[in-house]
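J.: Take a look at the following structure, please.
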Amino acid sequence: MNYKELKNARNVYAKSIDSNQPDDDLQSYFKKQLGIINELMTDNVDLHIYTGLRPGAIKISQLWSVLPNIQKMVVGAANKLYGNGRDRGKISDSISKEYSLEIDSVQPGSFMLRLNPSSSGDANISLFEKDKSWADILRHMVELTEAGTNESVQEIAHDFGYRAYTASRAWINLMEKENLTIKYRDAKSTIFLSKQKIVRAKQSFATVSLDSKESRIRIEGVITSVNVPKHMIKISNQGKTYTIKVADDSLRGSTIDLESKSYSLDGYMISVKNLRTNIETITYLIPTFPK
């Protein structure tokens with residue numbers, strides 16, 4: 001069920017409550033259920049930007065410091081989770097479209113924006129088909145940024161990819177440069193990024209100093225395990241085990257010979273390295289599992 005289908009179902013349910021007019025207890029129960037549905041469907045984000053200017057005013061440079069990198073954070077992370085999984089090359093048009101954001105409204109306050117998924121695509125929100133909506137993705141990255149530790153900013157790269165990491169780093173650096181603070185709020189949480197937290201996060205990004213490289217690779221060996229929901233396989237060759245992410249849904253329905261047939265798979269080795277400690281994390285990715 002996608003967002004449009006859920007919205008239609010919600011509207012039918014709301015009309016049935018009004019038309020049937022159940023007794024007070026049932027009416028109260030049904031309205032509580034409707035409230036839960038509405039909460040699930042509230043997939044927007046409010047950004048309250050404290051600009052230091054008069055209420056409702058914002059410099060173009062301040063607005064520019066906030067918005068473009070938020071879009072890059074969301075699209076980069078979505079590509080890592082649901083797209084081709086790569087940190088290099090072109091992001092597919094479908095991911096760019098599905099996770100495109102738009103300003104829904106500007107509200108009173110120092111300067112408040114409401115962000116929603118763009119209305120240009122049919123698959124903007126698919127609550128029951130994906131682990132995380134765009135707001136879930138953005139919230140998690142903001143939470144990790146707010147924590148402001150070396151470990152938390154590295155976790156952005158690990159969980160959401162190097163693209164999302166570089167966009168988060170640029171976002172923090174620009175907000176610090178423009179002397180902004182920001183309150184993030186969605187249906188599930190409120191996060192306040194004070195000036196002190198922004199400075200701390202900037203220092204952690206500078207300390208961690210990650211770099212990413214990608215190279216093509218052929219991996220050969222026998223498959224020892226398969227995790228279809230997570231799109232993961234493990235291949236063993238001469239005592240070495242590779243954990244490999246399959247970018248698409250091709251594992252579902254595939255016939256796989258476990259520990260008997262030798263496979264040869266073409267894919268990518270993605271390296272994320274801490275330039276200060278020289279600690280390197282390597283992941284393996286194949287675009288699709290061969291038929």
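In the structure tokens, chains take letters A, B, ... by order of appearance, with residues numbered from 1 within each chain and ligands from 1 in the order shown.
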I'd like the contact shell of Arg169 (chain A) - 12 Å cut-off, only C-alpha atoms, skipping same-chain residues fewer than 2 positions apart - returned as a PyMOL selection string.
T.: chain A and resi 65-66+69-70+72-73+141-142+144-145+148+153-154+156-157+162-167+171-176+198-210
J.: Those same residues, written as a short mmCIF file (atom, residue, chain, number, x, y, z; two decimals), in the first residue's frame with N, CA and C atoms?
T.:
data_model
loop_
_atom_site.label_atom_id
_atom_site.label_comp_id
_atom_site.auth_asym_id
_atom_site.auth_seq_id
_atom_site.Cartn_x
_atom_site.Cartn_y
_atom_site.Cartn_z
N SER A 65 22.22 27.98 2.99
CA SER A 65 23.05 27.13 3.84
C SER A 65 22.27 25.95 4.40
N VAL A 66 20.93 26.07 4.46
CA VAL A 66 20.11 25.03 5.08
C VAL A 66 19.55 24.04 4.06
N ASN A 69 21.69 21.15 0.96
CA ASN A 69 22.36 19.97 1.50
C ASN A 69 21.39 19.01 2.20
N ILE A 70 20.27 19.54 2.71
CA ILE A 70 19.24 18.63 3.23
C ILE A 70 18.73 17.74 2.11
N LYS A 72 20.37 16.91 -0.59
CA LYS A 72 21.45 15.99 -0.94
C LYS A 72 21.58 14.87 0.10
N MET A 73 21.39 15.21 1.38
CA MET A 73 21.46 14.21 2.44
C MET A 73 20.41 13.12 2.21
N MET A 141 19.81 11.11 10.55
CA MET A 141 21.05 11.85 10.27
C MET A 141 21.17 13.09 11.17
N VAL A 142 20.04 13.77 11.40
CA VAL A 142 20.08 14.94 12.29
C VAL A 142 20.40 14.52 13.72
N LEU A 144 22.22 11.93 14.62
CA LEU A 144 23.65 11.61 14.67
C LEU A 144 24.50 12.88 14.64
N THR A 145 24.05 13.86 13.88
CA THR A 145 24.76 15.14 13.83
C THR A 145 24.67 15.86 15.17
N GLY A 148 27.14 14.71 17.72
CA GLY A 148 28.37 15.47 17.51
C GLY A 148 29.65 14.78 17.90
N VAL A 153 29.32 10.86 13.67
CA VAL A 153 29.42 11.36 12.29
C VAL A 153 29.95 10.26 11.36
N GLN A 154 30.78 9.36 11.89
CA GLN A 154 31.19 8.22 11.08
C GLN A 154 30.02 7.28 10.81
N ILE A 156 27.04 8.15 10.20
CA ILE A 156 26.30 8.67 9.04
C ILE A 156 26.83 8.04 7.77
N ALA A 157 28.16 8.00 7.63
CA ALA A 157 28.77 7.40 6.44
C ALA A 157 28.49 5.90 6.38
N TYR A 162 28.62 7.66 1.81
CA TYR A 162 29.56 8.78 1.78
C TYR A 162 28.92 10.05 1.22
N ARG A 163 28.00 9.91 0.28
CA ARG A 163 27.31 11.11 -0.24
C ARG A 163 26.57 11.83 0.88
N ALA A 164 25.82 11.07 1.67
CA ALA A 164 25.07 11.67 2.77
C ALA A 164 26.01 12.27 3.80
N TYR A 165 27.14 11.62 4.04
CA TYR A 165 28.14 12.13 4.99
C TYR A 165 28.68 13.47 4.52
N THR A 166 29.09 13.59 3.25
CA THR A 166 29.64 14.85 2.76
C THR A 166 28.60 15.96 2.75
N ALA A 167 27.34 15.61 2.44
CA ALA A 167 26.27 16.62 2.47
C ALA A 167 26.01 17.08 3.91
N TRP A 171 26.48 20.83 5.29
CA TRP A 171 25.33 21.46 5.96
C TRP A 171 25.76 22.09 7.28
N ILE A 172 26.50 21.33 8.09
CA ILE A 172 26.96 21.83 9.38
C ILE A 172 27.93 23.00 9.21
N ASN A 173 28.86 22.87 8.28
CA ASN A 173 29.85 23.93 8.07
C ASN A 173 29.18 25.25 7.65
N LEU A 174 28.19 25.16 6.77
CA LEU A 174 27.51 26.37 6.32
C LEU A 174 26.66 27.00 7.43
N MET A 175 26.00 26.16 8.23
CA MET A 175 25.20 26.71 9.33
C MET A 175 26.09 27.40 10.36
N GLU A 176 27.27 26.81 10.61
CA GLU A 176 28.20 27.44 11.55
C GLU A 176 28.70 28.77 10.98
N ILE A 198 26.35 22.65 16.95
CA ILE A 198 26.81 22.78 15.57
C ILE A 198 28.33 22.89 15.52
N VAL A 199 28.91 23.68 16.43
CA VAL A 199 30.37 23.81 16.49
C VAL A 199 31.00 22.46 16.83
N ARG A 200 30.41 21.74 17.78
CA ARG A 200 30.96 20.43 18.16
C ARG A 200 30.89 19.44 17.01
N ALA A 201 29.78 19.45 16.28
CA ALA A 201 29.65 18.56 15.13
C ALA A 201 30.66 18.92 14.05
N LYS A 202 30.86 20.22 13.82
CA LYS A 202 31.84 20.65 12.82
C LYS A 202 33.23 20.15 13.19
N GLN A 203 33.58 20.23 14.46
CA GLN A 203 34.89 19.75 14.91
C GLN A 203 35.03 18.25 14.71
N SER A 204 33.94 17.51 14.95
CA SER A 204 34.00 16.05 14.76
C SER A 204 34.15 15.68 13.29
N PHE A 205 33.42 16.39 12.42
CA PHE A 205 33.58 16.14 10.99
C PHE A 205 35.02 16.40 10.56
N ALA A 206 35.62 17.48 11.09
CA ALA A 206 37.00 17.81 10.74
C ALA A 206 37.98 16.78 11.28
N THR A 207 37.69 16.27 12.47
CA THR A 207 38.58 15.28 13.08
C THR A 207 38.51 13.95 12.37
N VAL A 208 37.31 13.53 12.00
CA VAL A 208 37.13 12.23 11.36
C VAL A 208 37.74 12.23 9.96
N SER A 209 37.43 13.22 9.16
CA SER A 209 38.03 13.40 7.83
C SER A 209 38.02 12.12 7.00
N LEU A 210 36.82 11.72 6.57
CA LEU A 210 36.67 10.50 5.80
C LEU A 210 36.87 10.75 4.30
#
J.: So which residues touch Ile49 (chain A) within 9 Å, counting only C-alpha atoms, skipping near sequence neighbours fewer than 5 positions away, as a PyMOL selection string?
T.: chain A and resi 58+62-63+66+109-113+180-184
J.: Please dump the current selection as a CSV table (one decimal), in the first residue's frame; keep N, CA, C and O atoms.
T.:
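So the final result, stored in selection.csv, reads:
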chain,number,residue,atom,x,y,z
A,58,ILE,N,14.9,36.2,6.6
A,58,ILE,CA,16.1,35.3,6.4
A,58,ILE,C,16.9,35.8,5.2
A,58,ILE,O,16.4,36.3,4.2
A,62,GLN,N,21.6,32.5,4.2
A,62,GLN,CA,21.2,31.6,5.3
A,62,GLN,C,20.3,30.5,4.8
A,62,GLN,O,20.4,29.3,5.2
A,63,LEU,N,19.3,30.9,4.0
A,63,LEU,CA,18.4,29.9,3.4
A,63,LEU,C,19.2,28.9,2.6
A,63,LEU,O,19.0,27.7,2.6
A,66,VAL,N,20.9,26.1,4.5
A,66,VAL,CA,20.1,25.0,5.1
A,66,VAL,C,19.6,24.0,4.1
A,66,VAL,O,19.6,22.8,4.2
A,109,GLY,N,7.4,32.9,12.9
A,109,GLY,CA,8.5,32.5,13.7
A,109,GLY,C,9.8,33.2,13.3
A,109,GLY,O,9.7,34.1,12.4
A,110,SER,N,10.9,32.9,13.8
A,110,SER,CA,12.2,33.5,13.3
A,110,SER,C,12.2,33.3,11.8
A,110,SER,O,12.4,34.2,11.0
A,111,PHE,N,12.1,32.1,11.4
A,111,PHE,CA,11.8,31.7,10.0
A,111,PHE,C,11.5,30.2,10.0
A,111,PHE,O,12.4,29.4,10.4
A,112,MET,N,10.3,29.8,9.7
A,112,MET,CA,10.0,28.4,9.8
A,112,MET,C,9.5,27.9,8.4
A,112,MET,O,8.7,28.5,7.7
A,113,LEU,N,10.1,26.8,8.0
A,113,LEU,CA,9.8,26.1,6.8
A,113,LEU,C,9.1,24.8,7.1
A,113,LEU,O,9.5,24.1,8.0
A,180,LEU,N,23.8,30.2,12.5
A,180,LEU,CA,22.4,29.8,12.7
A,180,LEU,C,22.3,28.7,13.8
A,180,LEU,O,23.2,28.0,14.1
A,181,THR,N,21.1,28.7,14.3
A,181,THR,CA,20.7,27.5,15.1
A,181,THR,C,19.4,27.1,14.5
A,181,THR,O,18.7,27.8,13.8
A,182,ILE,N,19.0,25.8,14.7
A,182,ILE,CA,17.9,25.3,14.0
A,182,ILE,C,17.1,24.2,14.9
A,182,ILE,O,17.8,23.5,15.6
A,183,LYS,N,15.8,24.3,14.8
A,183,LYS,CA,15.0,23.3,15.5
A,183,LYS,C,14.3,22.4,14.4
A,183,LYS,O,13.6,22.9,13.5
A,184,TYR,N,14.6,21.1,14.5
A,184,TYR,CA,14.0,20.1,13.6
A,184,TYR,C,12.9,19.5,14.3
A,184,TYR,O,13.0,19.0,15.4
J.: Restricting the calculation to only C-alpha atoms, which member of A:Val226, A:Thr51, A:Asp211, A:Gly253 is positioned closest to Glu280 (chain A)?
T.: A:Asp211
J.: What is the distance, in Å and to one decimal place, between CA of Thr283 (chain A) and CA of Leu101 (chain A)?
T.: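 One can read the CA of Thr283 (chain A) to CA of Leu101 (chain A) distance as 29.2 Å.
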J.: Determine the nearest neighbour of Ser96 (chain A) from the options A:Asp257, A:Gln33, A:Glu155, A:Pro117, counting only C-alpha atoms.
T.: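 Smallest separation from Ser96 (chain A) among the options: A:Pro117.
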J.: Name the residues of region 59-267 of chain A that come out as helix (DSSP H, G or I) in a backbone DSSP run; write them as a PDB file with C-alpha atoms, in the first residue's frame.
T.:
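Printed below is selection-v5.pdb as written:
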ATOM      1  CA  ILE A  60      19.439  34.299   0.981  1.00  0.00           C
ATOM      2  CA  SER A  61      22.829  33.003   2.118  1.00  0.00           C
ATOM      3  CA  GLN A  62      21.216  31.608   5.306  1.00  0.00           C
ATOM      4  CA  LEU A  63      18.438  29.887   3.397  1.00  0.00           C
ATOM      5  CA  TRP A  64      20.990  28.486   0.957  1.00  0.00           C
ATOM      6  CA  SER A  65      23.053  27.127   3.841  1.00  0.00           C
ATOM      7  CA  VAL A  66      20.106  25.035   5.077  1.00  0.00           C
ATOM      8  CA  LEU A  67      18.122  23.675   2.136  1.00  0.00           C
ATOM      9  CA  PRO A  68      20.313  22.287  -0.700  1.00  0.00           C
ATOM     10  CA  ASN A  69      22.357  19.967   1.503  1.00  0.00           C
ATOM     11  CA  ILE A  70      19.239  18.635   3.235  1.00  0.00           C
ATOM     12  CA  GLN A  71      18.041  17.539  -0.211  1.00  0.00           C
ATOM     13  CA  LYS A  72      21.455  15.986  -0.936  1.00  0.00           C
ATOM     14  CA  MET A  73      21.458  14.206   2.439  1.00  0.00           C
ATOM     15  CA  VAL A  74      18.074  12.597   1.787  1.00  0.00           C
ATOM     16  CA  VAL A  75      18.731  11.591  -1.832  1.00  0.00           C
ATOM     17  CA  GLY A  76      22.251  10.306  -1.085  1.00  0.00           C
ATOM     18  CA  ALA A  77      21.028   8.189   1.818  1.00  0.00           C
ATOM     19  CA  ALA A  78      18.033   6.871  -0.151  1.00  0.00           C
ATOM     20  CA  ASN A  79      20.346   5.860  -2.982  1.00  0.00           C
ATOM     21  CA  LYS A  80      22.508   3.950  -0.493  1.00  0.00           C
ATOM     22  CA  LEU A  81      19.503   2.228   1.071  1.00  0.00           C
ATOM     23  CA  TYR A  82      17.130   1.719  -1.858  1.00  0.00           C
ATOM     24  CA  ASP A  93      16.107   9.402 -11.876  1.00  0.00           C
ATOM     25  CA  SER A  94      13.585   7.304  -9.925  1.00  0.00           C
ATOM     26  CA  ILE A  95      15.414   7.841  -6.600  1.00  0.00           C
ATOM     27  CA  SER A  96      15.966  11.548  -7.319  1.00  0.00           C
ATOM     28  CA  LYS A  97      12.261  11.967  -8.123  1.00  0.00           C
ATOM     29  CA  GLU A  98      10.882   9.836  -5.309  1.00  0.00           C
ATOM     30  CA  TRP A 134      12.420  10.242   3.846  1.00  0.00           C
ATOM     31  CA  ALA A 135      11.616  11.830   7.219  1.00  0.00           C
ATOM     32  CA  ASP A 136      12.966   8.755   9.063  1.00  0.00           C
ATOM     33  CA  ILE A 137      16.184   9.022   7.054  1.00  0.00           C
ATOM     34  CA  LEU A 138      16.606  12.741   7.694  1.00  0.00           C
ATOM     35  CA  ARG A 139      15.730  12.432  11.393  1.00  0.00           C
ATOM     36  CA  HIS A 140      18.348   9.757  11.952  1.00  0.00           C
ATOM     37  CA  MET A 141      21.046  11.849  10.274  1.00  0.00           C
ATOM     38  CA  VAL A 142      20.080  14.944  12.286  1.00  0.00           C
ATOM     39  CA  GLU A 143      20.155  12.867  15.501  1.00  0.00           C
ATOM     40  CA  LEU A 144      23.648  11.607  14.669  1.00  0.00           C
ATOM     41  CA  THR A 145      24.761  15.144  13.829  1.00  0.00           C
ATOM     42  CA  GLU A 146      23.319  16.468  17.084  1.00  0.00           C
ATOM     43  CA  ALA A 147      25.286  13.849  19.037  1.00  0.00           C
ATOM     44  CA  ASN A 150      33.521  11.247  16.071  1.00  0.00           C
ATOM     45  CA  GLU A 151      31.625   7.966  16.237  1.00  0.00           C
ATOM     46  CA  SER A 152      28.240   9.480  15.387  1.00  0.00           C
ATOM     47  CA  VAL A 153      29.421  11.356  12.292  1.00  0.00           C
ATOM     48  CA  GLN A 154      31.193   8.215  11.082  1.00  0.00           C
ATOM     49  CA  GLU A 155      27.922   6.358  11.605  1.00  0.00           C
ATOM     50  CA  ILE A 156      26.295   8.667   9.044  1.00  0.00           C
ATOM     51  CA  ALA A 157      28.767   7.398   6.438  1.00  0.00           C
ATOM     52  CA  HIS A 158      28.331   3.791   7.556  1.00  0.00           C
ATOM     53  CA  ASP A 159      24.508   3.795   7.633  1.00  0.00           C
ATOM     54  CA  PHE A 160      23.699   6.231   4.827  1.00  0.00           C
ATOM     55  CA  TYR A 162      29.560   8.779   1.783  1.00  0.00           C
ATOM     56  CA  ARG A 163      27.315  11.107  -0.242  1.00  0.00           C
ATOM     57  CA  ALA A 164      25.066  11.666   2.769  1.00  0.00           C
ATOM     58  CA  TYR A 165      28.140  12.129   4.987  1.00  0.00           C
ATOM     59  CA  THR A 166      29.645  14.853   2.761  1.00  0.00           C
ATOM     60  CA  ALA A 167      26.269  16.618   2.473  1.00  0.00           C
ATOM     61  CA  SER A 168      25.869  16.515   6.281  1.00  0.00           C
ATOM     62  CA  ARG A 169      29.371  17.915   6.739  1.00  0.00           C
ATOM     63  CA  ALA A 170      28.696  20.751   4.270  1.00  0.00           C
ATOM     64  CA  TRP A 171      25.334  21.462   5.957  1.00  0.00           C
ATOM     65  CA  ILE A 172      26.956  21.833   9.384  1.00  0.00           C
ATOM     66  CA  ASN A 173      29.851  23.932   8.069  1.00  0.00           C
ATOM     67  CA  LEU A 174      27.506  26.372   6.320  1.00  0.00           C
ATOM     68  CA  MET A 175      25.197  26.710   9.331  1.00  0.00           C
ATOM     69  CA  GLU A 176      28.195  27.439  11.548  1.00  0.00           C
ATOM     70  CA  LYS A 177      29.462  30.011   9.035  1.00  0.00           C
ATOM     71  CA  LYS A 195      25.300  26.858  18.163  1.00  0.00           C
ATOM     72  CA  GLN A 196      27.381  24.821  20.610  1.00  0.00           C
ATOM     73  CA  LYS A 197      26.157  21.531  19.089  1.00  0.00           C
ATOM     74  CA  ILE A 198      26.812  22.783  15.568  1.00  0.00           C
ATOM     75  CA  VAL A 199      30.372  23.805  16.492  1.00  0.00           C
ATOM     76  CA  ARG A 200      30.957  20.429  18.164  1.00  0.00           C
ATOM     77  CA  ALA A 201      29.651  18.556  15.129  1.00  0.00           C
ATOM     78  CA  LYS A 202      31.843  20.650  12.819  1.00  0.00           C
ATOM     79  CA  GLN A 203      34.891  19.753  14.911  1.00  0.00           C
ATOM     80  CA  SER A 204      33.996  16.053  14.763  1.00  0.00           C
ATOM     81  CA  PHE A 205      33.581  16.138  10.991  1.00  0.00           C
ATOM     82  CA  ALA A 206      36.999  17.811  10.736  1.00  0.00           C
ATOM     83  CA  THR A 207      38.580  15.278  13.082  1.00  0.00           C
ATOM     84  CA  VAL A 208      37.130  12.230  11.357  1.00  0.00           C
TER      85      VAL A 208
END
J.: Would you give me, as JSON, numbers by chain, the residues in region 94-271 of chain A that DSSP reads as strand (DSSP E or B)?
T.: {"A": [101, 102, 103, 104, 105, 106, 107, 112, 113, 114, 115, 116, 117, 181, 182, 183, 184, 185, 190, 191, 192, 193, 210, 211, 212, 213, 214, 215, 216, 217, 218, 219, 220, 221, 222, 223, 224, 225, 226, 227, 232, 233, 234, 235, 236, 237, 240, 241, 242, 243, 244, 245, 246, 258, 262, 263, 264, 265, 266, 267, 268, 269, 270, 271]}
J.: As an exercise, work out the distance from CA of Gly83 (chain A) to CA of Ala247 (chain A) in Å and give it to one decimal place.
T.: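 Going from CA of Gly83 (chain A) over to CA of Ala247 (chain A), I get 6.7 Å.
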J.: I want to know what sits within 10 Å of Asn227 (chain A), based on only C-alpha atoms, with residues of the same chain fewer than 6 positions away left out; could you give that as a PyMOL selection string?
T.: chain A and resi 233-234+245+251-252
J.: Please produce an output containing all heavy atoms for each residue in the selection, written as a JSON list (two decimals), in the first residue's frame.
T.:
[["chain", "number", "residue", "atom", "x", "y", "z"],
["A", 233, "ILE", "N", 24.28, -11.40, 0.82],
["A", 233, "ILE", "CA", 24.79, -12.77, 0.70],
["A", 233, "ILE", "C", 26.20, -12.80, 1.26],
["A", 233, "ILE", "O", 26.88, -11.78, 1.37],
["A", 233, "ILE", "CB", 24.80, -13.26, -0.77],
["A", 233, "ILE", "CG1", 25.72, -12.37, -1.62],
["A", 233, "ILE", "CG2", 23.41, -13.32, -1.36],
["A", 233, "ILE", "CD1", 25.91, -12.88, -3.04],
["A", 234, "LYS", "N", 26.62, -14.01, 1.64],
["A", 234, "LYS", "CA", 28.00, -14.21, 2.05],
["A", 234, "LYS", "C", 28.65, -15.25, 1.15],
["A", 234, "LYS", "O", 28.06, -16.29, 0.88],
["A", 234, "LYS", "CB", 28.08, -14.65, 3.51],
["A", 234, "LYS", "CG", 27.78, -13.55, 4.51],
["A", 234, "LYS", "CD", 28.04, -14.00, 5.94],
["A", 234, "LYS", "CE", 27.80, -12.85, 6.92],
["A", 234, "LYS", "NZ", 28.09, -13.24, 8.32],
["A", 245, "LYS", "N", 26.36, -6.79, -0.51],
["A", 245, "LYS", "CA", 25.02, -6.21, -0.65],
["A", 245, "LYS", "C", 24.60, -6.33, -2.11],
["A", 245, "LYS", "O", 25.36, -6.03, -3.02],
["A", 245, "LYS", "CB", 25.05, -4.74, -0.25],
["A", 245, "LYS", "CG", 23.75, -3.97, -0.48],
["A", 245, "LYS", "CD", 22.68, -4.37, 0.51],
["A", 245, "LYS", "CE", 21.37, -3.62, 0.27],
["A", 245, "LYS", "NZ", 21.46, -2.19, 0.58],
["A", 251, "LEU", "N", 17.46, -11.19, -5.43],
["A", 251, "LEU", "CA", 17.59, -12.39, -4.59],
["A", 251, "LEU", "C", 16.25, -13.08, -4.39],
["A", 251, "LEU", "O", 16.19, -14.31, -4.25],
["A", 251, "LEU", "CB", 18.18, -12.03, -3.22],
["A", 251, "LEU", "CG", 19.68, -11.80, -3.13],
["A", 251, "LEU", "CD1", 20.08, -11.45, -1.70],
["A", 251, "LEU", "CD2", 20.46, -13.02, -3.60],
["A", 252, "ARG", "N", 15.19, -12.29, -4.38],
["A", 252, "ARG", "CA", 13.86, -12.85, -4.15],
["A", 252, "ARG", "C", 13.46, -13.72, -5.34],
["A", 252, "ARG", "O", 13.42, -13.28, -6.47],
["A", 252, "ARG", "CB", 12.84, -11.72, -3.96],
["A", 252, "ARG", "CG", 11.55, -12.16, -3.29],
["A", 252, "ARG", "CD", 10.68, -10.95, -3.00],
["A", 252, "ARG", "NE", 11.35, -9.98, -2.16],
["A", 252, "ARG", "CZ", 11.40, -10.07, -0.82],
["A", 252, "ARG", "NH1", 10.83, -11.08, -0.20],
["A", 252, "ARG", "NH2", 12.02, -9.15, -0.12]]
J.: In Å to one decimal, how far is CA of Leu265 (chain A) from CA of Lys291 (chain A)?
T.: 11.5 Å
